[in-house]
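Q: This one is my_file.txt, compact mmCIF, C-alpha atoms.
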# COMPACT_ATOMS: atom_id res chain seq x y z
CA MET N 10 33.62 -19.77 -64.61
CA THR N 11 30.75 -21.15 -62.54
CA GLY N 12 30.92 -21.88 -58.84
CA ALA N 13 30.98 -25.30 -57.24
CA ALA N 14 27.89 -27.39 -57.94
CA ARG N 15 25.36 -27.58 -55.15
CA PRO N 16 25.28 -31.02 -53.48
CA ARG N 17 22.34 -33.18 -54.43
CA PRO N 18 20.04 -33.66 -51.41
CA MET N 19 19.41 -37.23 -50.26
CA PRO N 20 16.00 -38.52 -49.13
CA MET N 21 17.29 -39.05 -45.63
CA SER N 22 16.71 -37.58 -42.15
CA TYR N 23 19.32 -36.80 -39.52
CA VAL N 24 18.20 -36.61 -35.88
CA LEU N 25 20.48 -34.82 -33.43
CA PRO N 26 19.39 -34.91 -29.77
CA ILE N 27 21.22 -32.25 -27.80
CA ARG N 28 21.24 -30.59 -24.41
CA ARG N 29 23.64 -27.84 -23.43
CA VAL N 30 23.68 -25.75 -20.29
CA ASP N 31 25.63 -22.96 -22.00
CA ASP N 32 26.50 -21.76 -25.47
CA SER N 33 30.10 -22.98 -25.46
CA ASP N 34 31.71 -23.79 -28.80
CA PRO N 35 28.55 -23.25 -30.87
CA GLU N 36 30.08 -22.30 -34.20
CA ARG N 37 31.79 -25.61 -34.87
CA LEU N 38 28.45 -27.42 -34.60
CA THR N 39 26.67 -24.68 -36.56
CA ASP N 40 29.08 -25.09 -39.46
CA TYR N 41 28.43 -28.83 -39.47
CA LEU N 42 24.66 -28.34 -39.37
CA ARG N 43 24.91 -25.93 -42.30
CA TRP N 44 26.89 -28.55 -44.25
CA LEU N 45 24.39 -31.30 -43.33
CA ALA N 46 21.33 -29.23 -44.17
CA ALA N 47 22.46 -28.94 -47.78
CA ARG N 48 22.44 -32.75 -48.06
CA VAL N 49 19.78 -34.25 -45.78
CA GLU N 50 16.82 -33.25 -43.65
CA VAL N 51 18.16 -32.24 -40.22
CA ILE N 52 16.07 -32.37 -37.04
CA VAL N 53 17.70 -31.01 -33.87
CA VAL N 54 15.77 -31.95 -30.74
CA ASP N 55 17.05 -29.56 -28.10
CA GLY N 56 16.52 -30.19 -24.39
CA SER N 57 18.63 -27.20 -23.32
CA PRO N 58 17.36 -24.69 -20.73
CA PRO N 59 14.95 -22.10 -22.21
CA GLU N 60 17.48 -19.29 -22.60
CA VAL N 61 19.99 -21.57 -24.33
CA PHE N 62 17.24 -23.12 -26.48
CA ALA N 63 16.21 -19.62 -27.60
CA ARG N 64 19.76 -18.74 -28.66
CA HIS N 65 20.09 -22.03 -30.49
CA HIS N 66 16.76 -21.44 -32.23
CA ARG N 67 17.82 -18.02 -33.52
CA ARG N 68 21.02 -19.53 -34.87
CA TRP N 69 19.77 -22.85 -36.26
CA HIS N 70 16.11 -22.35 -37.20
CA PRO N 71 16.89 -21.10 -40.73
CA LEU N 72 19.04 -24.20 -41.33
CA VAL N 73 17.25 -27.10 -39.63
CA ARG N 74 14.05 -28.14 -37.89
CA HIS N 75 14.75 -27.14 -34.28
CA LEU N 76 12.35 -28.75 -31.80
CA PRO N 77 12.01 -29.20 -28.04
CA PRO N 78 11.50 -32.75 -26.72
CA ASP N 79 7.88 -33.89 -26.88
CA PRO N 80 6.39 -32.85 -23.49
CA SER N 81 4.10 -35.88 -23.50
CA LEU N 82 7.09 -38.19 -23.18
CA SER N 83 8.66 -39.09 -19.85
CA GLY N 84 11.97 -40.70 -18.98
CA ARG N 85 15.30 -39.97 -17.35
CA ASN N 86 17.56 -40.33 -20.39
CA GLY N 87 17.27 -37.02 -22.23
CA LYS N 88 19.02 -38.31 -25.33
CA VAL N 89 16.43 -41.04 -25.78
CA LEU N 90 13.60 -38.54 -25.32
CA GLY N 91 15.19 -36.50 -28.09
CA VAL N 92 15.32 -39.51 -30.38
CA LEU N 93 11.73 -40.49 -29.52
CA THR N 94 10.72 -36.97 -30.56
CA GLY N 95 12.91 -36.71 -33.66
CA VAL N 96 12.38 -40.03 -35.41
CA PRO N 97 8.55 -39.74 -35.60
CA ALA N 98 9.02 -36.17 -36.89
CA ALA N 99 11.34 -37.34 -39.67
CA THR N 100 10.09 -37.14 -43.25
CA TYR N 101 12.13 -40.02 -44.64
CA GLU N 102 12.45 -43.73 -44.01
CA ASP N 103 16.24 -43.65 -43.60
CA VAL N 104 17.16 -41.91 -40.34
CA VAL N 105 20.60 -41.23 -38.89
CA ILE N 106 20.76 -40.69 -35.12
CA ALA N 107 23.96 -39.04 -33.91
CA ASP N 108 25.53 -37.33 -30.91
CA ASP N 109 26.63 -33.74 -31.33
CA ASP N 110 30.31 -34.71 -31.55
CA VAL N 111 29.80 -36.97 -34.59
CA ARG N 112 30.89 -35.67 -38.01
CA TYR N 113 29.73 -37.60 -41.08
CA ASP N 114 31.10 -36.93 -44.54
CA GLU N 115 29.03 -37.29 -47.69
CA ASP N 116 30.38 -40.75 -48.51
CA GLY N 117 29.46 -41.94 -45.03
CA LEU N 118 25.89 -40.71 -45.37
CA ARG N 119 25.51 -42.40 -48.74
CA GLU N 120 26.98 -45.68 -47.52
CA VAL N 121 24.69 -45.74 -44.49
CA ARG N 122 21.69 -45.15 -46.74
CA CYS N 123 22.80 -47.97 -49.03
CA LEU N 124 23.20 -50.36 -46.09
CA LEU N 125 19.70 -49.55 -44.86
CA ARG N 126 18.39 -51.24 -48.02
CA ARG N 127 19.61 -54.53 -46.53
CA ALA N 128 19.46 -53.95 -42.77
CA ASP N 129 17.05 -52.32 -40.33
CA LEU N 130 19.80 -50.73 -38.23
CA VAL N 131 23.40 -49.83 -39.10
CA ARG N 132 26.25 -49.39 -36.60
CA PRO N 133 29.08 -47.37 -38.21
CA GLN N 134 32.59 -47.28 -36.74
CA ASN N 135 33.66 -44.08 -34.99
CA TYR N 136 37.24 -42.86 -34.76
CA PHE N 137 38.60 -39.81 -32.93
CA ASP N 138 40.07 -36.93 -34.89
CA PRO N 139 41.96 -34.99 -33.61
CA LEU N 140 43.65 -37.46 -31.28
CA PRO N 141 44.81 -35.93 -27.97
CA TRP N 142 46.30 -38.23 -25.35
CA HIS N 143 42.99 -39.18 -23.73
CA ALA N 144 41.40 -39.99 -27.11
CA THR N 145 44.45 -42.14 -27.96
CA TRP N 146 43.95 -43.89 -24.62
CA ASP N 147 40.22 -44.42 -25.16
CA THR N 148 40.78 -45.76 -28.68
CA GLY N 149 42.13 -48.88 -26.98
CA ARG N 150 38.51 -49.64 -26.11
CA ILE N 151 37.49 -49.25 -29.75
CA LEU N 152 40.23 -51.57 -30.99
CA LEU N 153 39.51 -54.31 -28.45
CA ASN N 154 35.80 -54.15 -29.30
CA ARG N 155 36.62 -54.39 -33.01
CA ALA N 156 38.83 -57.42 -32.41
CA ILE N 157 36.12 -59.40 -30.62
CA GLY N 158 33.12 -58.13 -32.58
CA ALA N 159 32.03 -54.55 -33.13
CA ASP N 160 32.40 -51.26 -31.32
CA PHE N 161 29.51 -49.19 -29.98
CA PRO N 162 29.56 -45.84 -31.81
CA GLY N 163 27.96 -42.49 -30.98
CA THR N 164 25.72 -42.86 -34.02
CA VAL N 165 23.42 -45.40 -35.60
CA ALA N 166 21.09 -45.35 -38.59
CA VAL N 167 17.67 -46.96 -38.49
CA ARG N 168 14.66 -47.52 -40.70
CA ARG N 169 11.92 -45.24 -39.40
CA SER N 170 9.14 -47.77 -40.02
CA VAL N 171 10.91 -50.41 -37.93
CA PHE N 172 11.65 -47.93 -35.13
CA LEU N 173 8.00 -46.89 -34.93
CA ALA N 174 6.59 -50.39 -35.29
CA ALA N 175 8.88 -51.61 -32.49
CA GLY N 176 7.60 -48.77 -30.31
CA GLY N 177 10.85 -46.87 -29.92
CA TYR N 178 13.02 -47.83 -26.96
CA ASP N 179 13.28 -47.38 -23.21
CA PRO N 180 14.04 -43.82 -22.03
CA ASP N 181 15.12 -45.02 -18.56
CA VAL N 182 18.36 -46.86 -19.40
CA LEU N 183 21.93 -45.61 -19.47
CA PHE N 184 23.40 -47.48 -22.48
CA GLU N 185 20.86 -46.15 -24.96
CA ASN N 186 22.54 -47.29 -28.18
CA LEU N 187 22.78 -50.88 -26.95
CA GLU N 188 19.13 -50.67 -25.89
CA LEU N 189 18.10 -49.52 -29.37
CA ILE N 190 20.19 -52.21 -31.07
CA ARG N 191 18.70 -54.90 -28.85
CA THR N 192 15.17 -53.54 -29.33
CA VAL N 193 15.50 -53.78 -33.12
CA ARG N 194 16.83 -57.33 -32.80
CA ALA N 195 14.10 -58.30 -30.35
CA PHE N 196 11.54 -56.98 -32.84
CA GLY N 197 13.03 -59.30 -35.47
CA GLY N 198 15.02 -56.65 -37.33
CA SER N 199 18.48 -57.07 -38.79
CA VAL N 200 21.59 -55.14 -37.68
CA ALA N 201 24.68 -54.40 -39.79
CA ALA N 202 28.00 -53.43 -38.20
CA PRO N 203 30.38 -52.69 -41.11
CA ALA N 204 33.86 -52.41 -39.61
CA GLY N 205 35.07 -50.30 -42.54
CA LEU N 206 32.37 -47.61 -42.41
CA TYR N 207 34.37 -44.93 -40.59
CA VAL N 208 32.65 -41.86 -39.17
CA ARG N 209 34.71 -39.17 -37.50
CA ARG N 210 34.06 -38.20 -33.89
CA LEU N 211 35.43 -35.17 -32.08
CA PRO N 212 37.22 -36.05 -28.82
CA PRO N 213 35.76 -34.83 -25.53
CA THR N 214 37.58 -32.36 -23.33
CA THR N 215 39.97 -33.90 -20.83
CA ARG N 216 37.60 -32.94 -18.01
CA HIS N 217 34.62 -34.57 -19.68
CA PHE N 218 36.68 -37.67 -20.47
CA ALA N 219 37.63 -38.02 -16.80
CA SER N 220 34.03 -37.56 -15.66
CA GLN N 221 32.82 -40.39 -17.90
CA ARG N 222 35.11 -43.20 -16.77
CA VAL N 223 32.86 -44.86 -14.18
CA ARG N 224 29.69 -44.07 -16.15
CA GLN N 225 31.04 -45.86 -19.22
CA ALA N 226 32.17 -48.81 -17.11
CA TYR N 227 28.61 -49.04 -15.76
CA ASP N 228 27.46 -49.86 -19.29
CA GLU N 229 29.09 -53.26 -18.88
CA LEU N 230 26.38 -54.25 -16.39
CA ALA N 231 24.25 -54.89 -19.48
CA GLN N 232 26.91 -57.29 -20.81
CA PRO N 233 27.68 -59.78 -18.01
CA VAL N 234 30.51 -61.64 -19.76
CA ARG N 235 32.38 -58.41 -20.42
CA LEU N 236 31.69 -57.24 -16.88
CA VAL N 237 33.14 -60.41 -15.34
CA ALA N 238 36.22 -60.12 -17.58
CA ALA N 239 36.71 -56.49 -16.52
CA LEU N 240 36.29 -57.33 -12.83
CA LEU N 241 38.98 -60.02 -13.10
CA VAL N 242 41.60 -57.59 -14.42
CA LEU N 243 42.40 -55.90 -11.09
CA PRO N 244 42.68 -59.14 -9.03
CA GLY N 245 44.86 -60.62 -11.79
CA VAL N 246 47.24 -57.65 -11.77
CA ALA N 247 47.34 -57.66 -7.96
CA ALA N 248 48.10 -61.40 -7.87
CA ALA N 249 50.96 -61.03 -10.37
CA VAL N 250 52.43 -58.12 -8.40
CA ALA N 251 52.11 -59.99 -5.09
CA ALA N 252 53.81 -63.03 -6.62
CA ARG N 253 56.55 -60.83 -8.05
CA ARG N 254 55.91 -62.08 -11.56
CA PRO N 255 56.63 -59.07 -13.79
CA GLY N 256 57.11 -61.39 -16.74
CA LEU N 257 53.51 -62.53 -16.39
CA LEU N 258 52.31 -58.93 -16.50
CA ALA N 259 54.49 -58.21 -19.54
CA ALA N 260 53.12 -61.28 -21.34
CA ALA N 261 49.54 -60.28 -20.52
CA ALA N 262 50.17 -56.73 -21.75
CA ALA N 263 51.71 -58.07 -24.97
CA ALA N 264 48.68 -60.29 -25.52
CA VAL N 265 46.29 -57.34 -25.06
CA ILE N 266 48.34 -55.26 -27.49
CA GLY N 267 48.18 -58.12 -29.97
CA VAL N 268 44.39 -58.31 -29.70
CA ALA N 269 44.10 -54.54 -30.06
CA GLU N 270 46.40 -54.61 -33.08
CA THR N 271 44.10 -57.19 -34.67
CA GLY N 272 41.25 -54.73 -34.22
CA ARG N 273 43.38 -51.88 -35.57
CA ARG N 274 44.24 -53.73 -38.77
CA LYS N 275 40.67 -54.86 -39.41
CA ALA N 276 38.93 -53.39 -42.48
CA GLY N 277 41.57 -50.78 -43.30
CA GLY N 278 41.81 -49.51 -39.73
CA PRO N 279 45.41 -48.20 -39.95
CA ALA N 280 44.06 -45.32 -42.06
CA VAL N 281 42.31 -43.89 -38.98
CA PHE N 282 43.93 -45.67 -35.99
CA PRO N 283 47.66 -44.93 -35.49
CA PRO N 284 49.90 -47.63 -33.92
CA ALA N 285 50.03 -45.92 -30.53
CA THR N 286 46.35 -46.61 -30.02
CA ALA N 287 47.02 -50.36 -29.80
CA VAL N 288 50.06 -49.90 -27.55
CA LEU N 289 47.97 -48.07 -24.94
CA ALA N 290 45.22 -50.71 -24.88
CA PRO N 291 46.59 -52.50 -21.74
CA LEU N 292 46.42 -49.23 -19.80
CA TRP N 293 42.82 -48.71 -20.88
CA LEU N 294 42.00 -52.27 -19.79
CA VAL N 295 43.47 -51.69 -16.31
CA GLU N 296 41.48 -48.45 -16.04
CA ARG N 297 38.30 -50.30 -17.03
CA GLY N 298 39.07 -52.96 -14.41
CA VAL N 299 39.28 -50.34 -11.66
CA CYS N 300 36.22 -48.42 -12.87
CA SER N 301 34.15 -51.60 -13.18
CA TRP N 302 34.53 -52.26 -9.45
CA LEU N 303 33.50 -48.66 -8.74
CA ALA N 304 30.54 -49.04 -11.10
CA VAL N 305 29.35 -52.22 -9.38
CA ALA N 306 29.70 -50.52 -6.00
CA GLN N 307 27.57 -47.59 -7.21
CA GLY N 308 24.96 -50.00 -8.51
CA VAL N 309 24.81 -51.94 -5.25
CA PHE N 310 25.11 -49.14 -2.69
CA CYS N 311 23.81 -46.06 -4.54
CA GLY N 312 21.10 -47.50 -6.77
CA GLY N 313 22.87 -46.59 -9.99
CA VAL N 314 25.36 -44.24 -11.58
CA ARG N 315 24.99 -40.47 -11.69
CA TYR N 316 23.37 -39.14 -14.85
CA ALA N 317 22.01 -35.66 -15.59
CA GLY N 318 21.50 -34.75 -11.95
CA GLY N 319 19.99 -38.09 -10.95
CA ARG N 320 20.85 -41.77 -11.04
CA LEU N 321 20.15 -44.48 -13.58
CA GLY N 322 20.20 -48.01 -12.27
CA ARG N 323 19.74 -50.04 -15.44
CA ALA N 324 22.35 -50.06 -18.20
CA ALA N 325 20.14 -51.84 -20.77
CA HIS N 326 17.60 -54.66 -20.98
CA SER N 327 18.41 -58.13 -22.25
CA ILE N 328 17.03 -59.19 -25.62
CA ARG N 329 14.93 -61.83 -23.85
CA THR N 330 13.28 -59.17 -21.68
CA LEU N 331 12.66 -56.93 -24.67
CA ARG N 332 11.11 -59.78 -26.66
CA ARG N 333 8.80 -60.56 -23.77
CA ARG N 334 7.71 -56.94 -23.44
CA LEU N 335 7.23 -56.49 -27.16
CA ALA N 336 5.12 -59.64 -27.24
CA ALA N 337 3.07 -58.43 -24.26
CA SER N 338 2.42 -55.08 -25.96
CA ASP N 339 1.46 -56.66 -29.29
CA THR N 340 -2.13 -56.34 -30.45
CA PRO N 341 -4.00 -58.19 -33.24
CA ASP N 342 -3.73 -55.26 -35.63
CA THR N 343 -0.04 -54.54 -35.07
CA SER N 344 1.11 -56.45 -38.14
CA THR N 345 -1.26 -54.58 -40.43
CA SER N 346 -1.09 -51.15 -38.82
CA ARG N 347 2.65 -50.47 -38.81
CA GLY N 348 2.26 -46.69 -38.58
CA ARG N 349 0.85 -46.74 -35.05
CA SER N 350 3.19 -47.59 -32.19
CA ALA N 351 3.43 -47.49 -28.43
CA LEU N 352 6.62 -47.36 -26.41
CA ALA N 353 6.41 -50.84 -25.04
CA VAL N 354 9.60 -50.98 -23.03
CA GLY N 355 9.32 -48.59 -20.14
CA GLY N 356 11.15 -49.06 -16.86
CA ALA N 357 10.29 -51.68 -14.29
CA GLY N 358 6.69 -50.56 -14.43
CA GLY N 359 6.23 -51.42 -18.11
CA ILE N 360 4.83 -48.91 -20.60
CA SER N 361 6.07 -45.43 -19.75
CA ALA N 362 5.13 -43.30 -22.75
CA THR N 363 3.44 -43.36 -26.13
CA VAL N 364 4.87 -42.32 -29.46
CA SER N 365 2.49 -41.93 -32.38
CA GLY N 366 3.38 -41.25 -35.96
CA THR N 367 2.39 -41.78 -39.55
CA LEU N 368 4.91 -43.47 -41.80
CA ALA N 369 6.41 -41.37 -44.54
Transcribe the structure of this file into structure tokens.
A:
Amino acid sequence: MTGAARPRPMPMSYVLPIRRVDDSDPERLTDYLRWLAARVEVIVVDGSPPEVFARHHRRWHPLVRHLPPDPSLSGRNGKVLGVLTGVPAATYEDVVIADDDVRYDEDGLREVRCLLRRADLVRPQNYFDPLPWHATWDTGRILLNRAIGADFPGTVAVRRSVFLAAGGYDPDVLFENLELIRTVRAFGGSVAAPAGLYVRRLPPTTRHFASQRVRQAYDELAQPVRLVAALLVLPGVAAAVAARRPGLLAAAAAAVIGVAETGRRKAGGPAVFPPATAVLAPLWLVERGVCSWLAVAQGVFCGGVRYAGGRLGRAAHSIRTLRRRLAASDTPDTSTSRGRSALAVGGAGGISATVSGTLA
């Protein structure tokens, strides 16, 4: 009797930007990288301290391409620097970019690759598994986003040629996935957000979850309508309490649950989102209301939210700003020389780095 057939490799690259200050929980990721490496090209861009990088290299080098971030690049968002290093290094046109807590299966990889035939960037739908209490709580955010449009996952897939021709994206913003999505759109590319393309995500630790509340609320500064809605939550709750109108609060909570349930039922969602995730959505919304005020205060009085030992003041650029910067960076030969690109969307000072590459 023969053993199981070896999986057939796909002409696809997987870029994983990572930075760890210690070697905690390495085996779970190593097992996933081993599984991935049998199916796609894997590029791990590792911004960890030298001693941790060395341990990672000994463990992962036989499995994947393990690289440090390109030292010629500059920027405060280490994840973006990893992506700006990894995508030009990729061999294939179809490139998945994912956080280290994302866990694709083979069907997900194949579906993403298929969608990249019709779109320049694909936004899958993450779900948490396992589902501790804080992941159940945070899934309320996912469901509300699904109900009004699409959620922002910890992974996207992009066509390498479009990424390079657009010049990458700004390494000095906080909400990097939104920045990349908007950059592709500003460049004229198409974006697909299939609500039924589910990709598993491991939940954070409770401590990490707590540390991210204000930082995630700060992302809303790049989406003014959502920010205003979040800022109105706390005054609305306070007004209902002051007026002793518990029925009004109950009706509002029921309405939020109804919206979240719409998102849960969308595109086969009950298979990955249990009913409790919709029930907790009002609590998540109140939390976001509180954290949005704290985020605005940090932006006004502190110059931004804490990130990797510093502060980032800008969540993401508007599409209008990105279009203007892309147009300003355009040259007469850009349309005919798609393999050469410059990072055209630096911080307030304009161009902040250059990424060069030859298309596969």
Q: Which residue out of N:Ala325, N:Val30, N:Val281, N:Val131 has the minimum interatomic distance to N:Arg210 when all atoms listed in the file are used?
A: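 Between N:Ala325, N:Val30, N:Val281, N:Val131, the residue approaching N:Arg210 most closely is N:Val281.
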Q: What is the distance, in Å and to one decimal place, between atom CA of N:Ala63 and atom CA of N:Ile27?
A: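 Taking atom CA of N:Ala63 and atom CA of N:Ile27, their separation equals 13.6 Å.
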Q: Could you list, as a PDB file with C-alpha atoms, in the frame of the given file, every residue within 9 Å of N:Pro162, counting only C-alpha atoms and ignoring same-chain residues fewer than 3 positions away?
A:
ATOM      1  CA  ARG N 132      26.250 -49.390 -36.600  1.00  0.00           C
ATOM      2  CA  PRO N 133      29.080 -47.370 -38.210  1.00  0.00           C
ATOM      3  CA  GLN N 134      32.590 -47.280 -36.740  1.00  0.00           C
ATOM      4  CA  ASN N 135      33.660 -44.080 -34.990  1.00  0.00           C
ATOM      5  CA  TYR N 136      37.240 -42.860 -34.760  1.00  0.00           C
ATOM      6  CA  ILE N 151      37.490 -49.250 -29.750  1.00  0.00           C
ATOM      7  CA  VAL N 165      23.420 -45.400 -35.600  1.00  0.00           C
ATOM      8  CA  ASN N 186      22.540 -47.290 -28.180  1.00  0.00           C
ATOM      9  CA  VAL N 208      32.650 -41.860 -39.170  1.00  0.00           C
TER      10      VAL N 208
END
Q: How many Å lie between atom CA of N:Val200 and atom CA of N:Arg85, rounded to one decimal?
A: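 A separation of 26.1 Å between them.
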Q: Using Å and a single decimal, report how far atom CA of N:Arg320 sits from atom CA of N:Val54.
A: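 One can read the atom CA of N:Val54 to atom CA of N:Arg320 distance as 22.6 Å.
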Q: Select, from N:Ala231, N:Ala219, N:Cys123, N:Ala159, the residue with the minimum atom-to-atom distance to N:Leu183, counting only C-alpha atoms.
A: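 Smallest separation from N:Leu183 among the options: N:Ala231.
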Q: Determine, counting all atoms listed in the file, which protein, DNA and RNA residues have an atom within 6 Å of an atom of N:Thr271; residues of the same chain fewer than 3 positions away are not included. Present the result as a ChimeraX atom specification.
A: /N:156,268,274
Q: So, counting all atoms listed in the file, which residue among N:Arg224, N:Arg15, N:Arg235, N:Arg168 is closest to N:Ala304?
A: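 Nearest candidate to N:Ala304 out of N:Arg224, N:Arg15, N:Arg235, N:Arg168: N:Arg224.
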Q: So which residues are close to (39.4, -52.0, -13.6), meaning at most 10 Å away in the file's coordinates with only C-alpha atoms counted, and can you show them as a list in words?
A: Val223, Ala226, Leu236, Ala238, Ala239, Leu240, Leu241, Val242, Leu243, Pro244, Val246, Leu292, Trp293, Leu294, Val295, Glu296, Arg297, Gly298, Val299, Cys300, Ser301, Trp302, Leu303 and Ala304 of chain N
Q: Using all atoms listed in the file, give me every residue within 12 Å of (8.9, -60.5, -27.0) in file coordinates, as an mmCIF file with C-alpha atoms, keeping the file's coordinate frame.
A:
data_model
loop_
_atom_site.group_PDB
_atom_site.id
_atom_site.type_symbol
_atom_site.label_atom_id
_atom_site.label_comp_id
_atom_site.auth_asym_id
_atom_site.auth_seq_id
_atom_site.Cartn_x
_atom_site.Cartn_y
_atom_site.Cartn_z
ATOM 1 C CA ALA N 175 8.880 -51.610 -32.490
ATOM 2 C CA ARG N 191 18.700 -54.900 -28.850
ATOM 3 C CA THR N 192 15.170 -53.540 -29.330
ATOM 4 C CA VAL N 193 15.500 -53.780 -33.120
ATOM 5 C CA ARG N 194 16.830 -57.330 -32.800
ATOM 6 C CA ALA N 195 14.100 -58.300 -30.350
ATOM 7 C CA PHE N 196 11.540 -56.980 -32.840
ATOM 8 C CA GLY N 197 13.030 -59.300 -35.470
ATOM 9 C CA SER N 327 18.410 -58.130 -22.250
ATOM 10 C CA ILE N 328 17.030 -59.190 -25.620
ATOM 11 C CA ARG N 329 14.930 -61.830 -23.850
ATOM 12 C CA THR N 330 13.280 -59.170 -21.680
ATOM 13 C CA LEU N 331 12.660 -56.930 -24.670
ATOM 14 C CA ARG N 332 11.110 -59.780 -26.660
ATOM 15 C CA ARG N 333 8.800 -60.560 -23.770
ATOM 16 C CA ARG N 334 7.710 -56.940 -23.440
ATOM 17 C CA LEU N 335 7.230 -56.490 -27.160
ATOM 18 C CA ALA N 336 5.120 -59.640 -27.240
ATOM 19 C CA ALA N 337 3.070 -58.430 -24.260
ATOM 20 C CA SER N 338 2.420 -55.080 -25.960
ATOM 21 C CA ASP N 339 1.460 -56.660 -29.290
ATOM 22 C CA ALA N 353 6.410 -50.840 -25.040
ATOM 23 C CA VAL N 354 9.600 -50.980 -23.030
#
Q: Looking at all atoms listed in the file, which of N:Arg155, N:Val305, N:Leu140, N:Asp181 is the one that sits closest to N:Gly319?
A: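 That would be N:Asp181, the residue with the smallest distance to N:Gly319.
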Q: Find, counting all atoms listed in the file, the residue in N:Gly312, N:Pro59, N:Pro18, N:Pro212 that gets nearest to N:Ala47.
A: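 Among the listed residues, the smallest separation from N:Ala47 belongs to N:Pro18.
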Q: Pick from N:Asp31, N:Leu42, N:Lys88, N:Leu124: nearest to N:Asp55, with all atoms listed in the file counted?
A: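 For N:Asp55, the nearest of the candidates is N:Lys88.
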Q: With a distance cut-off of 6 Å and only C-alpha atoms, select the neighbouring residues of N:Val53, excluding the residue or stretch itself and same-chain residues fewer than 4 positions from it, and output the selection as a PyMOL selection string.
A: chain N and resi 24-26+75
Q: Would you kindly return, as a PyMOL selection string, each protein, DNA or RNA residue with an atom no farther than 8 Å from any atom of N:Leu93, considering only C-alpha atoms and excluding same-chain residues fewer than 4 positions away?
A: chain N and resi 89+97+177-178+364
Q: Would you mind listing what lies within 6 Å of stretch 251-262 of chain N as an MDAnalysis selection string, with all atoms listed in the file counted and same-chain residues fewer than 3 positions away left out?
A: chainID N and resid 248 265 291
